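J.: Structure file upload_29.cif (mmCIF, C-alpha atoms) right here:
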data_final
loop_
_atom_site.label_atom_id
_atom_site.label_comp_id
_atom_site.auth_asym_id
_atom_site.auth_seq_id
_atom_site.Cartn_x
_atom_site.Cartn_y
_atom_site.Cartn_z
CA MET U 1 0.00 0.00 0.00
CA GLU U 2 1.34 3.42 -0.95
CA TYR U 3 1.56 6.37 1.40
CA LYS U 4 -0.55 9.35 0.34
CA ASP U 5 0.56 12.90 1.13
CA TYR U 6 -2.79 14.59 1.69
CA TYR U 7 -1.19 17.98 2.26
CA ALA U 8 0.62 17.84 -1.08
CA ILE U 9 -2.56 16.70 -2.84
CA LEU U 10 -4.38 19.81 -1.62
CA GLY U 11 -1.26 21.96 -2.13
CA VAL U 12 -1.28 23.27 1.43
CA LYS U 13 1.39 23.43 4.12
CA ARG U 14 1.25 21.04 7.05
CA ASP U 15 0.35 23.92 9.36
CA ALA U 16 -2.49 25.18 7.13
CA THR U 17 -5.61 26.40 8.92
CA GLN U 18 -9.01 24.72 8.42
CA ASP U 19 -10.01 27.73 6.36
CA GLU U 20 -7.03 27.34 4.03
CA ILE U 21 -7.69 23.62 3.70
CA LYS U 22 -11.33 24.26 2.82
CA LYS U 23 -10.44 26.90 0.22
CA ALA U 24 -7.85 24.66 -1.40
CA TYR U 25 -10.34 21.79 -1.50
CA ARG U 26 -13.10 23.93 -3.04
CA ARG U 27 -10.78 25.26 -5.73
CA LEU U 28 -9.44 21.82 -6.69
CA ALA U 29 -12.88 20.17 -6.47
CA ARG U 30 -14.20 22.67 -9.02
CA LYS U 31 -11.17 22.13 -11.22
CA TYR U 32 -11.28 18.34 -11.22
CA HIS U 33 -14.97 17.58 -10.77
CA PRO U 34 -15.64 14.79 -13.30
CA ASP U 35 -18.94 16.38 -14.35
CA VAL U 36 -17.21 19.63 -15.27
CA SER U 37 -13.55 18.96 -15.96
CA LYS U 38 -12.05 17.95 -19.30
CA GLU U 39 -8.72 16.93 -17.77
CA ALA U 40 -7.88 13.35 -18.72
CA ASP U 41 -7.20 12.24 -15.14
CA ALA U 42 -9.98 14.34 -13.58
CA GLU U 43 -11.69 11.43 -11.92
CA SER U 44 -8.67 10.10 -10.06
CA ARG U 45 -7.52 13.62 -9.15
CA PHE U 46 -10.97 14.45 -7.82
CA LYS U 47 -10.98 11.26 -5.75
CA ASP U 48 -7.61 12.11 -4.26
CA VAL U 49 -8.70 15.66 -3.47
CA GLY U 50 -11.94 14.43 -1.84
CA GLU U 51 -10.08 11.85 0.18
CA ALA U 52 -7.48 14.39 1.32
CA TYR U 53 -10.24 16.77 2.38
CA GLU U 54 -12.16 13.99 4.14
CA VAL U 55 -9.11 13.44 6.34
CA LEU U 56 -7.74 16.96 6.78
CA SER U 57 -11.12 18.60 7.44
CA ASP U 58 -11.95 16.16 10.24
CA PRO U 59 -9.97 17.05 13.40
CA GLU U 60 -9.87 13.44 14.64
CA LYS U 61 -8.74 11.96 11.32
CA LYS U 62 -6.27 14.80 10.78
CA ALA U 63 -4.73 14.26 14.21
CA ALA U 64 -4.44 10.53 13.56
CA TYR U 65 -2.95 11.13 10.10
CA ASP U 66 -0.46 13.66 11.50
CA ARG U 67 0.58 11.10 14.10
CA ILE U 68 1.86 8.80 11.32
CA GLY U 69 4.48 11.48 10.78
CA SER U 70 5.69 13.58 7.91
CA ASN U 71 8.72 11.51 6.98
CA TRP U 72 6.79 9.47 4.44
CA LYS U 73 7.00 10.27 0.77
CA ALA U 74 4.02 10.04 -1.60
CA GLY U 75 3.94 6.63 -3.26
CA GLN U 76 6.27 5.10 -0.67
CA GLU U 77 5.34 1.60 0.50
CA PHE U 78 3.35 2.16 3.68
CA LYS U 79 2.42 0.08 6.73
CA PRO U 80 0.72 1.82 9.63
CA PRO U 81 2.70 1.67 12.90
CA PRO U 82 1.14 -0.58 15.57
CA ASN U 83 -1.50 1.10 17.74
CA TRP U 84 -1.21 4.31 15.74
CA ASP U 85 -4.97 4.79 16.05
CA ALA U 86 -5.27 4.17 19.79
CA GLY U 87 -7.66 6.64 21.30
CA PHE U 88 -9.43 7.52 18.05
CA GLN U 89 -12.84 6.47 16.89
CA PHE U 90 -13.78 7.00 13.28
CA SER U 91 -17.35 7.31 12.23
CA GLY U 92 -16.89 7.05 8.49
CA GLY U 93 -18.75 10.25 7.76
CA GLY U 94 -19.36 11.64 4.31
CA PHE U 95 -18.36 9.62 1.32
CA SER U 96 -17.96 12.11 -1.47
CA GLY U 97 -16.00 9.63 -3.54
CA ALA U 98 -18.84 7.13 -3.49
CA ASP U 99 -19.98 7.61 -7.07
CA PHE U 100 -16.46 7.38 -8.34
CA GLY U 101 -15.44 4.14 -6.70
CA GLY U 102 -14.65 4.92 -3.07
CA PHE U 103 -11.42 5.76 -1.32
CA SER U 104 -7.89 4.42 -1.71
CA ASP U 105 -6.49 1.38 0.06
CA PHE U 106 -4.38 3.78 2.08
CA PHE U 107 -7.51 5.51 3.39
CA GLU U 108 -9.31 2.23 4.02
CA GLU U 109 -6.34 0.88 5.95
CA LEU U 110 -6.29 3.94 8.20
CA PHE U 111 -9.94 4.80 8.60
CA GLY U 112 -12.05 2.15 6.93
CA ARG U 113 -11.73 -0.61 9.50
CA GLY U 114 -14.72 -1.43 11.60
CA ARG U 115 -16.88 1.18 9.96
CA PHE U 116 -19.79 -1.13 9.38
CA ALA U 117 -19.00 -3.53 12.23
CA GLY U 118 -21.71 -2.11 14.47
CA SER U 119 -24.39 -1.89 11.86
CA ARG U 120 -23.94 -5.53 10.92
CA GLN U 121 -24.66 -6.69 14.42
CA ARG U 122 -27.70 -4.48 14.61
CA SER U 123 -28.99 -5.84 11.35
CA ALA U 124 -30.35 -9.09 12.82
CA GLY U 125 -33.98 -9.42 11.80
CA PHE U 126 -33.69 -6.34 9.59
CA ARG U 127 -33.90 -6.74 5.83
CA MET U 128 -33.05 -4.09 3.31
CA GLN U 129 -32.21 -3.92 -0.38
CA GLY U 130 -28.61 -2.97 -1.15
CA GLU U 131 -27.84 0.44 -2.58
CA ASN U 132 -27.74 1.07 -6.31
CA GLN U 133 -24.32 1.74 -7.76
CA TYR U 134 -23.44 4.01 -10.65
CA ALA U 135 -20.49 4.06 -13.00
CA LYS U 136 -19.67 5.82 -16.23
CA ILE U 137 -17.93 3.83 -18.92
CA ALA U 138 -16.22 5.28 -21.97
CA ILE U 139 -16.50 3.02 -24.99
CA ARG U 140 -15.14 3.31 -28.54
CA LEU U 141 -17.56 4.54 -31.20
CA GLU U 142 -16.87 1.38 -33.22
CA ASP U 143 -18.05 -0.73 -30.28
CA ALA U 144 -21.28 1.26 -30.06
CA TYR U 145 -21.79 0.96 -33.83
CA HIS U 146 -21.28 -2.80 -34.05
CA GLY U 147 -22.24 -3.79 -30.51
CA SER U 148 -19.60 -5.47 -28.37
CA LYS U 149 -18.62 -7.05 -25.12
CA GLN U 150 -16.79 -4.79 -22.68
CA THR U 151 -14.78 -5.87 -19.71
CA ILE U 152 -15.02 -3.31 -16.95
CA THR U 153 -13.43 -3.21 -13.55
CA LEU U 154 -15.16 -1.33 -10.77
CA SER U 155 -14.10 -1.00 -7.19
CA ARG U 156 -16.79 -1.97 -4.76
CA ALA U 157 -17.06 -2.06 -0.99
CA VAL U 158 -17.25 -5.51 0.54
CA VAL U 159 -17.76 -6.45 4.17
CA ASP U 160 -15.59 -9.34 5.38
CA GLN U 161 -16.41 -11.88 8.10
CA ASN U 162 -15.14 -9.56 10.83
CA GLY U 163 -17.30 -6.70 9.64
CA HIS U 164 -14.36 -4.86 8.10
CA VAL U 165 -15.08 -2.87 4.97
CA ARG U 166 -12.63 -2.92 2.10
CA THR U 167 -12.80 -1.90 -1.52
CA GLU U 168 -12.07 -4.67 -3.96
CA PRO U 169 -11.78 -4.69 -7.73
CA HIS U 170 -14.80 -6.30 -9.32
CA THR U 171 -14.60 -7.32 -12.96
CA LEU U 172 -17.67 -7.67 -15.13
CA GLN U 173 -18.15 -8.44 -18.77
CA VAL U 174 -21.07 -6.51 -20.16
CA THR U 175 -22.82 -6.81 -23.49
CA ILE U 176 -23.02 -3.45 -25.25
CA PRO U 177 -25.90 -3.59 -27.73
CA LYS U 178 -25.49 -2.25 -31.25
CA GLY U 179 -26.52 1.38 -31.62
CA ILE U 180 -26.20 2.49 -28.02
CA THR U 181 -25.75 6.25 -27.66
CA GLU U 182 -24.10 8.60 -25.22
CA GLY U 183 -26.14 9.27 -22.08
CA GLN U 184 -28.06 6.01 -22.26
CA HIS U 185 -27.77 3.61 -19.34
CA ILE U 186 -27.45 -0.12 -18.94
CA ARG U 187 -29.12 -1.51 -15.84
CA LEU U 188 -27.52 -4.63 -14.41
CA GLU U 189 -29.94 -6.04 -11.91
CA GLY U 190 -28.50 -7.30 -8.63
CA GLN U 191 -24.98 -6.01 -9.40
CA GLY U 192 -25.10 -3.09 -6.95
CA MET U 193 -24.27 -3.15 -3.24
CA PRO U 194 -25.17 -6.32 -1.34
CA GLY U 195 -28.42 -6.26 0.63
CA ILE U 196 -28.59 -6.15 4.41
CA GLY U 197 -29.98 -9.04 6.44
CA GLY U 198 -30.48 -11.22 3.37
CA GLY U 199 -32.18 -8.45 1.41
CA PRO U 200 -31.69 -8.34 -2.38
CA SER U 201 -28.67 -6.58 -3.87
CA GLY U 202 -29.06 -3.16 -5.46
CA ASP U 203 -28.69 -2.57 -9.19
CA LEU U 204 -25.70 -1.28 -11.09
CA TYR U 205 -26.29 1.52 -13.59
CA LEU U 206 -23.70 2.06 -16.28
CA GLU U 207 -23.81 5.42 -18.02
CA ILE U 208 -22.47 5.29 -21.56
CA ALA U 209 -19.94 7.84 -22.74
CA PHE U 210 -17.83 7.79 -25.90
CA ALA U 211 -14.07 7.97 -25.99
CA GLU U 212 -12.84 10.70 -28.31
CA HIS U 213 -12.48 9.48 -31.90
CA PRO U 214 -9.69 10.68 -34.21
CA LEU U 215 -12.02 11.04 -37.22
CA PHE U 216 -15.61 11.26 -36.10
CA GLN U 217 -17.76 13.53 -33.97
CA VAL U 218 -21.08 12.29 -32.69
CA LYS U 219 -24.34 13.93 -31.77
CA GLY U 220 -27.14 11.66 -30.68
CA ARG U 221 -27.25 8.92 -33.31
CA ASP U 222 -25.55 10.96 -36.04
CA ILE U 223 -21.89 10.84 -36.94
CA TYR U 224 -20.05 13.88 -38.32
CA TYR U 225 -16.98 13.74 -40.50
CA THR U 226 -15.01 16.41 -42.34
CA LEU U 227 -13.80 15.37 -45.78
CA PRO U 228 -10.92 17.26 -47.40
CA VAL U 229 -11.40 17.62 -51.17
CA THR U 230 -9.52 19.34 -53.99
CA PRO U 231 -11.02 22.33 -55.83
CA TRP U 232 -11.43 20.26 -59.01
CA GLU U 233 -13.24 17.45 -57.13
CA ALA U 234 -15.60 20.07 -55.69
CA ALA U 235 -16.08 21.86 -59.02
CA LEU U 236 -16.32 18.91 -61.40
CA GLY U 237 -17.87 16.38 -59.06
CA ALA U 238 -16.16 13.14 -58.07
CA THR U 239 -16.63 9.82 -56.34
CA VAL U 240 -14.38 9.54 -53.32
CA THR U 241 -13.82 6.95 -50.61
CA VAL U 242 -15.07 8.00 -47.19
CA PRO U 243 -14.50 6.22 -43.89
CA THR U 244 -17.58 5.28 -41.86
CA LEU U 245 -17.84 3.30 -38.64
CA GLY U 246 -18.94 0.32 -40.71
CA GLY U 247 -16.02 0.54 -43.17
CA LYS U 248 -15.20 2.51 -46.29
CA VAL U 249 -17.95 3.63 -48.66
CA GLU U 250 -18.00 5.52 -51.95
CA LEU U 251 -19.49 9.00 -51.78
CA LYS U 252 -20.57 10.96 -54.82
CA ILE U 253 -19.71 14.66 -54.63
CA PRO U 254 -22.05 16.63 -56.88
CA PRO U 255 -20.46 19.13 -59.33
CA ASN U 256 -20.12 22.73 -58.15
CA SER U 257 -20.07 21.86 -54.43
CA GLN U 258 -18.87 24.57 -52.07
CA GLY U 259 -16.72 24.14 -48.98
CA GLY U 260 -18.94 23.52 -45.92
CA LYS U 261 -21.51 21.61 -47.97
CA LYS U 262 -23.02 18.75 -45.98
CA LEU U 263 -23.73 15.41 -47.59
CA ARG U 264 -25.69 12.67 -45.88
CA LEU U 265 -24.88 8.98 -45.79
CA LYS U 266 -28.21 7.55 -44.76
CA GLY U 267 -28.23 4.88 -42.05
CA ARG U 268 -24.46 5.08 -41.47
CA GLY U 269 -24.82 6.43 -37.93
CA LEU U 270 -25.55 4.62 -34.69
CA SER U 271 -28.55 2.50 -35.58
CA THR U 272 -30.70 -0.07 -33.84
CA ALA U 273 -33.48 -2.18 -35.31
CA ALA U 274 -35.95 0.56 -34.39
CA ARG U 275 -33.99 3.77 -34.89
CA SER U 276 -31.39 4.77 -37.38
CA GLY U 277 -28.67 7.40 -37.41
CA ASP U 278 -26.90 8.99 -40.37
CA GLN U 279 -23.38 10.11 -41.15
CA TYR U 280 -22.94 13.71 -42.26
CA VAL U 281 -19.93 14.53 -44.39
CA THR U 282 -18.84 18.17 -44.50
CA LEU U 283 -16.62 19.18 -47.41
CA ARG U 284 -13.46 21.14 -46.72
CA ILE U 285 -11.75 22.41 -49.85
CA VAL U 286 -7.98 22.25 -49.73
CA VAL U 287 -6.40 24.87 -51.97
CA PRO U 288 -3.16 23.77 -53.66
CA GLU U 289 -0.25 26.16 -53.22
CA ALA U 290 0.97 28.01 -56.28
CA LYS U 291 4.73 27.53 -56.22
CA THR U 292 6.02 27.45 -59.79
CA GLU U 293 5.43 30.09 -62.44
CA GLN U 294 3.27 27.65 -64.40
CA GLN U 295 1.08 27.02 -61.36
CA LYS U 296 0.71 30.74 -60.72
CA LYS U 297 -0.29 31.25 -64.33
CA LEU U 298 -2.98 28.62 -63.93
CA TYR U 299 -4.52 30.58 -61.05
CA ARG U 300 -4.32 33.81 -63.05
CA ASP U 301 -6.07 32.06 -65.96
CA MET U 302 -8.77 30.89 -63.57
CA ALA U 303 -9.22 34.43 -62.26
CA ARG U 304 -9.67 35.64 -65.80
CA LEU U 305 -11.96 32.83 -66.99
CA MET U 306 -14.03 32.42 -63.83
CA PRO U 307 -14.26 35.80 -62.16
CA VAL U 308 -16.05 35.55 -58.83
CA ASN U 309 -16.46 37.80 -55.80
CA PRO U 310 -16.91 35.51 -52.77
CA ARG U 311 -17.42 38.53 -50.46
CA LYS U 312 -20.43 39.82 -52.32
CA MET D 1 -13.32 -14.64 -6.14
CA THR D 2 -12.25 -11.07 -6.70
CA ASN D 3 -11.50 -11.33 -10.36
CA GLU D 4 -14.20 -13.75 -11.36
CA ILE D 5 -15.64 -12.80 -14.75
CA ILE D 6 -19.37 -12.72 -15.11
CA ILE D 7 -20.96 -12.03 -18.50
CA LEU D 8 -23.98 -9.83 -18.12
CA ASN D 9 -26.76 -8.71 -20.39
CA GLY D 10 -28.34 -5.65 -18.88
CA THR D 11 -31.51 -3.75 -19.61
CA ILE D 12 -30.95 -0.81 -21.94
CA LEU D 13 -32.48 2.40 -20.68
CA ASP D 14 -32.82 4.67 -23.71
CA GLU D 15 -34.88 7.72 -24.61
CA GLU D 16 -37.93 5.50 -25.04
CA THR D 17 -37.76 3.85 -21.63
CA GLU D 18 -40.08 5.80 -19.34
CA PHE D 19 -40.26 5.94 -15.55
CA SER D 20 -42.70 7.31 -12.99
CA LEU D 21 -41.59 9.72 -10.25
CA LEU D 22 -41.33 6.80 -7.82
CA GLU D 23 -39.23 4.74 -10.22
CA ILE D 24 -36.81 7.55 -11.07
CA CYS D 25 -36.36 8.28 -7.34
CA SER D 26 -35.50 4.65 -6.68
CA ILE D 27 -33.12 4.46 -9.66
CA CYS D 28 -31.24 7.62 -8.67
CA THR D 29 -31.63 7.13 -4.89
CA VAL D 30 -33.00 10.64 -4.41
CA PRO D 31 -36.03 11.95 -2.49
CA ALA D 32 -39.12 12.97 -4.52
CA GLU D 33 -38.90 16.55 -3.20
CA LEU D 34 -35.51 16.98 -4.84
CA VAL D 35 -36.83 15.71 -8.19
CA ARG D 36 -39.79 18.09 -7.82
CA ASP D 37 -37.38 21.00 -7.20
CA MET D 38 -35.42 20.04 -10.33
CA VAL D 39 -38.61 19.96 -12.41
CA ASP D 40 -39.65 23.38 -11.02
CA GLU D 41 -36.26 24.74 -11.99
CA GLY D 42 -36.57 23.31 -15.52
CA LEU D 43 -33.50 21.13 -14.98
CA ILE D 44 -35.48 18.12 -16.14
CA ASN D 45 -38.65 18.10 -18.20
CA PRO D 46 -40.84 15.05 -17.67
CA LYS D 47 -43.82 14.43 -19.92
CA GLY D 48 -47.28 14.63 -18.35
CA SER D 49 -48.86 17.17 -16.05
CA GLY D 50 -48.45 16.91 -12.30
CA PRO D 51 -46.21 14.56 -10.28
CA LYS D 52 -48.65 11.65 -10.54
CA HIS D 53 -48.50 11.65 -14.33
CA TRP D 54 -44.86 12.57 -14.82
CA ARG D 55 -42.95 10.27 -17.17
CA PHE D 56 -39.16 10.52 -17.09
CA THR D 57 -36.75 9.04 -19.63
CA SER D 58 -33.37 7.51 -19.01
CA LEU D 59 -31.67 10.69 -20.22
CA GLU D 60 -32.98 12.36 -17.07
CA ILE D 61 -31.03 9.87 -14.92
CA ARG D 62 -27.83 11.51 -16.12
CA ARG D 63 -29.06 15.04 -15.35
CA ILE D 64 -30.34 14.07 -11.92
CA LYS D 65 -27.11 12.27 -10.98
CA ARG D 66 -24.98 15.15 -12.24
CA THR D 67 -27.07 17.62 -10.22
CA VAL D 68 -26.78 15.50 -7.08
CA ARG D 69 -23.00 15.30 -7.46
CA LEU D 70 -22.55 19.02 -8.19
CA HIS D 71 -24.76 19.84 -5.20
CA ARG D 72 -22.99 17.45 -2.85
CA ASP D 73 -19.39 17.96 -3.98
CA LEU D 74 -19.33 21.66 -4.79
CA GLY D 75 -22.18 22.99 -2.66
CA ILE D 76 -24.08 24.37 -5.69
CA ASN D 77 -27.83 24.90 -5.16
CA ILE D 78 -30.49 23.70 -7.62
CA PRO D 79 -30.78 26.96 -9.66
CA GLY D 80 -26.97 27.03 -9.80
CA CYS D 81 -26.87 23.42 -11.03
CA ALA D 82 -29.43 24.30 -13.72
CA LEU D 83 -27.14 27.09 -14.91
CA VAL D 84 -24.04 24.86 -14.79
CA LEU D 85 -25.73 22.10 -16.80
CA GLU D 86 -27.00 24.57 -19.41
CA LEU D 87 -23.52 26.04 -19.78
CA LEU D 88 -21.98 22.56 -19.96
CA ASP D 89 -24.43 21.56 -22.71
CA GLU D 90 -23.51 24.70 -24.62
CA LEU D 91 -19.79 24.08 -24.09
CA GLU D 92 -20.14 20.52 -25.34
CA GLU D 93 -21.89 21.71 -28.49
CA LEU D 94 -19.26 24.40 -29.11
CA ARG D 95 -16.46 21.89 -28.64
CA ARG D 96 -18.10 19.58 -31.16
CA LEU D 97 -18.55 22.42 -33.64
CA SER D 98 -14.96 23.59 -33.23
CA ARG D 99 -13.70 20.11 -34.07
CA CYS D 100 -16.17 19.60 -36.91
CA PRO D 101 -17.50 22.86 -38.41
#
Could you quickly redo this structure as structure tokens?
T.:
Amino acid sequence: MEYKDYYAILGVKRDATQDEIKKAYRRLARKYHPDVSKEADAESRFKDVGEAYEVLSDPEKKAAYDRIGSNWKAGQEFKPPPNWDAGFQFSGGGFSGADFGGFSDFFEELFGRGRFAGSRQRSAGFRMQGENQYAKIAIRLEDAYHGSKQTITLSRAVVDQNGHVRTEPHTLQVTIPKGITEGQHIRLEGQGMPGIGGGPSGDLYLEIAFAEHPLFQVKGRDIYYTLPVTPWEAALGATVTVPTLGGKVELKIPPNSQGGKKLRLKGRGLSTAARSGDQYVTLRIVVPEAKTEQQKKLYRDMARLMPVNPRK
Amino acid sequence: MTNEIIILNGTILDEETEFSLLEICSICTVPAELVRDMVDEGLINPKGSGPKHWRFTSLEIRRIKRTVRLHRDLGINIPGCALVLELLDELEELRRLSRCP
């Protein structure tokens, strides 16, 4: 287990006041909140920041954490000293990381033990459905187009025989149906948190997001693609090969097409049996550079033969 | 046990799957009052008139969960969340347009 430097994570000094700690947390939480941030590692950064704040904003946890000492380095292999937590009682408290997979092993080792021990004993004769769990998965557009099987690993809280709570990786293989779109959910019944007192487990909800694609943009079921063409292809018309999620297709460019013109490839978007999406191809005209005298003359001939004022 | 692979076929919740107020509350684990506040604020727009007849789609799950997280993690109130989500929608659209005019 690796040591985590909660002060460094929040960017505050070890003698920072509660006010400074709160301000630092608020600023970083806004910056890395997974619903707002575009940073690639936003989710893990946000988890770290939330965990650091959970400890440093709670006087008891902070005192216990400070007792471990400041000689540890972030990432260093860590084992808590014996009886380091004597005299402290942790209640668990808020769990702001809950939607994003819980806290680190380091946190669980220090503060997670025994959290649910009491509630388990009290649960005799008491039956309750487990909580629903939520996760967002980013899939490739190709996998949404064709349908696929995705292996996902989530961390989930488990209660061991002694009532200790730990997070464990939990691997699932999930069928992604053809034509799924961003923002849709897959409900996996009984894959949420375990029930209490023999109650049924909660459900797991997977929110679908798309990983960024090098060629395509997507909006709802429709796919957008920008196709570079030459001036003569645009002016004279041409048949060109265009990539789609389902493979290459031939697209006919009508004569006298302008840059920005949108052509539709019907049914080439994210489609299901009931609903179909299209691919829109936007033309972008690439103008060849005039380098030699002969090339320049060609442009001057064009200016003379085809006078046009595009600003009119 | 930890790394046991289970193949699962879930239920797809798309824009045609509809839920009542009670169902959406249970899916998102939120109280009905909060959902009512979000509807009042225009954050989510269920079909039907009045809480008894409201029909939510799965796309609302995402908005409700985002609102709950923004509220809990950043202390933003419901009107603030409505503004944030509107701006995020706009930002998303602008980003898409800037990559693909």
J.: I need the output of the PyMOL selection byres ((chain D and resi 70-74) around 8) for this file as a VMD selection string; which residues are they?
T.: (chain U and resid 26 29 to 30 35 96) or (chain D and resid 66 to 69 75 to 78 81)
J.: When you look at Glu15 of chain D with a cut-off of 8 Å (counting only C-alpha atoms), what residues show up, excluding the ones that are within fewer than 4 positions of it in the same chain? I need them as JSON, numbers by chain.
T.: {"U": [184], "D": [57, 58, 59]}
J.: Check the smallest atom-to-atom distance from each of U:His33, U:Lys61, U:Arg140, U:Arg221 to chain D using only C-alpha atoms, then report the winner.
T.: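 Selected residue with least distance to chain D: U:His33.
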J.: Quick one: contact table of chain U to chain D, 7 Å max, nearest atom pair and distance in Å to one decimal per residue, counting all atoms listed in the file, chain and number order, as a Markdown table?
T.:
| residue | atom | partner | partner_atom | distance |
| --- | --- | --- | --- | --- |
| U:Arg26 | CA | D:Leu74 | CA | 6.9 |
| U:Ala29 | CA | D:Leu74 | CA | 6.8 |
| U:Arg30 | CA | D:Leu74 | CA | 6.7 |
| U:Asp35 | CA | D:Arg66 | CA | 6.5 |
| U:Ser96 | CA | D:Asp73 | CA | 6.5 |
| U:Glu168 | CA | D:Thr2 | CA | 7.0 |
| U:Pro169 | CA | D:Thr2 | CA | 6.5 |
| U:His170 | CA | D:Thr2 | CA | 6.0 |
| U:Thr171 | CA | D:Asn3 | CA | 5.7 |
| U:Leu172 | CA | D:Ile6 | CA | 5.3 |
| U:Gln173 | CA | D:Ile7 | CA | 4.6 |
| U:Val174 | CA | D:Leu8 | CA | 4.9 |
| U:Thr175 | CA | D:Asn9 | CA | 5.4 |
| U:Gly183 | CA | D:Leu59 | CA | 6.0 |
| U:Gln184 | CA | D:Asp14 | CA | 5.2 |
| U:His185 | CA | D:Leu13 | CA | 5.0 |
| U:Ile186 | CA | D:Ile12 | CA | 4.7 |
| U:Arg187 | CA | D:Thr11 | CA | 5.0 |
| U:Leu188 | CA | D:Gly10 | CA | 4.7 |
| U:Gln217 | CA | D:Arg96 | CA | 6.7 |
| U:Tyr225 | CA | D:Cys100 | CA | 6.9 |
| U:Thr226 | CA | D:Cys100 | CA | 6.4 |
J.: Of the candidates U:Lys252, U:Lys178, U:Lys38, U:Arg14, which shows the shortest atom-to-atom distance to His146 of chain U, using only C-alpha atoms?
T.: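 Residue with the minimum atom-to-atom distance to His146 of chain U: U:Lys178.
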J.: With distances taken over only C-alpha atoms, which residue among U:Gly199, U:Leu227, U:Thr282, U:Val242 lies nearest Phe126 of chain U?
T.: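 Among the listed residues, the smallest separation from Phe126 of chain U belongs to U:Gly199.
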J.: Of the residues U:Asp5, U:Glu54, U:Gly260, U:Glu39, which is the one nearest to Lys22 of chain U, using all atoms listed in the file?
T.: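 Closest residue, counting all atoms listed in the file: U:Glu54.
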J.: As an exercise, work out the distance from atom CA of Asp58 of chain U to atom CA of Phe46 of chain U in Å and give it to one decimal place.
T.: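 Atom CA of Phe46 of chain U lies at a distance of 18.2 Å from atom CA of Asp58 of chain U.
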J.: Report, in Å to a single decimal, how far apart atom CA of Trp54 of chain D and atom CA of Pro34 of chain U are.
T.: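 So the two atoms, atom CA of Pro34 of chain U and atom CA of Trp54 of chain D, lie 29.3 Å apart.
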J.: How would you write, as a ChimeraX atom specification, the residues chosen by the PyMOL selection byres ((chain U and resi 48) around 9) on this structure?
T.: /U:4,6,9-10,43-47,49-53,97,103-104
J.: Is it possible to get the residues within 10 Å of (-42.3, 5.2, -11.8) (coordinates as in the file, counting all atoms listed in the file) written as a list in words?
T.: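 Result, sorted by chain then residue number: Glu18, Phe19, Ser20, Leu21, Leu22, Glu23, Ile24, Cys25, Ser26, Ile27, Lys52, His53, Trp54, Arg55 and Phe56 of chain D.
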J.: Counting all atoms listed in the file, which residues sit no farther than 9 Å from the position (-27.6, 2.7, -5.1) in the file's frame? I'd like them as a PyMOL selection string.
T.: (chain U and resi 130-134+192-193+202-205) or (chain D and resi 26-29)
J.: Figure out the distance between atom CA of Ile253 of chain U and atom CA of Gly267 of chain U, please, to one decimal in Å.
T.: 18.1 Å
J.: In terms of the shortest atom-to-atom distance over all atoms listed in the file, which of U:Gly147, U:Pro200, U:Pro59, U:Gly190 is closest to Pro177 of chain U?
T.: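 With all atoms listed in the file as the atom set, the closest residue is U:Gly147.
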J.: Would you mind listing what lies within 10 Å of Met38 of chain D as a PDB file with C-alpha atoms, keeping the file's coordinate frame, with all atoms listed in the file counted and same-chain residues fewer than 4 positions away left out?
T.:
ATOM      1  CA  ALA D  32     -39.120  12.970  -4.520  1.00  0.00           C
ATOM      2  CA  GLU D  33     -38.900  16.550  -3.200  1.00  0.00           C
ATOM      3  CA  LEU D  34     -35.510  16.980  -4.840  1.00  0.00           C
ATOM      4  CA  GLY D  42     -36.570  23.310 -15.520  1.00  0.00           C
ATOM      5  CA  LEU D  43     -33.500  21.130 -14.980  1.00  0.00           C
ATOM      6  CA  ILE D  44     -35.480  18.120 -16.140  1.00  0.00           C
ATOM      7  CA  ASN D  45     -38.650  18.100 -18.200  1.00  0.00           C
ATOM      8  CA  ARG D  63     -29.060  15.040 -15.350  1.00  0.00           C
ATOM      9  CA  ILE D  64     -30.340  14.070 -11.920  1.00  0.00           C
ATOM     10  CA  THR D  67     -27.070  17.620 -10.220  1.00  0.00           C
ATOM     11  CA  ILE D  78     -30.490  23.700  -7.620  1.00  0.00           C
ATOM     12  CA  PRO D  79     -30.780  26.960  -9.660  1.00  0.00           C
ATOM     13  CA  CYS D  81     -26.870  23.420 -11.030  1.00  0.00           C
ATOM     14  CA  ALA D  82     -29.430  24.300 -13.720  1.00  0.00           C
TER      15      ALA D  82
END
J.: Which of these residues is nearest to Met302 of chain U, using all atoms listed in the file: U:Gly11, U:Leu56, U:Pro231, U:Gly179?
T.: U:Pro231
J.: Could segment 245-249 of chain U be completed with N, CA and C atoms and returned as a PDB file, in the frame of the given file?
T.:
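Saved to result31.pdb:
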ATOM      1  N   LEU U 245     -18.086   4.253 -39.729  1.00  0.00           N
ATOM      2  CA  LEU U 245     -17.840   3.300 -38.640  1.00  0.00           C
ATOM      3  C   LEU U 245     -17.975   1.861 -39.120  1.00  0.00           C
ATOM      4  N   GLY U 246     -18.744   1.665 -40.182  1.00  0.00           N
ATOM      5  CA  GLY U 246     -18.940   0.320 -40.710  1.00  0.00           C
ATOM      6  C   GLY U 246     -17.968  -0.034 -41.824  1.00  0.00           C
ATOM      7  N   GLY U 247     -16.976   0.816 -42.098  1.00  0.00           N
ATOM      8  CA  GLY U 247     -16.020   0.540 -43.170  1.00  0.00           C
ATOM      9  C   GLY U 247     -16.106   1.623 -44.235  1.00  0.00           C
ATOM     10  N   LYS U 248     -15.255   1.468 -45.270  1.00  0.00           N
ATOM     11  CA  LYS U 248     -15.200   2.510 -46.290  1.00  0.00           C
ATOM     12  C   LYS U 248     -16.372   2.427 -47.250  1.00  0.00           C
ATOM     13  N   VAL U 249     -16.880   3.595 -47.654  1.00  0.00           N
ATOM     14  CA  VAL U 249     -17.950   3.630 -48.660  1.00  0.00           C
ATOM     15  C   VAL U 249     -17.581   4.666 -49.719  1.00  0.00           C
TER      16      VAL U 249
END
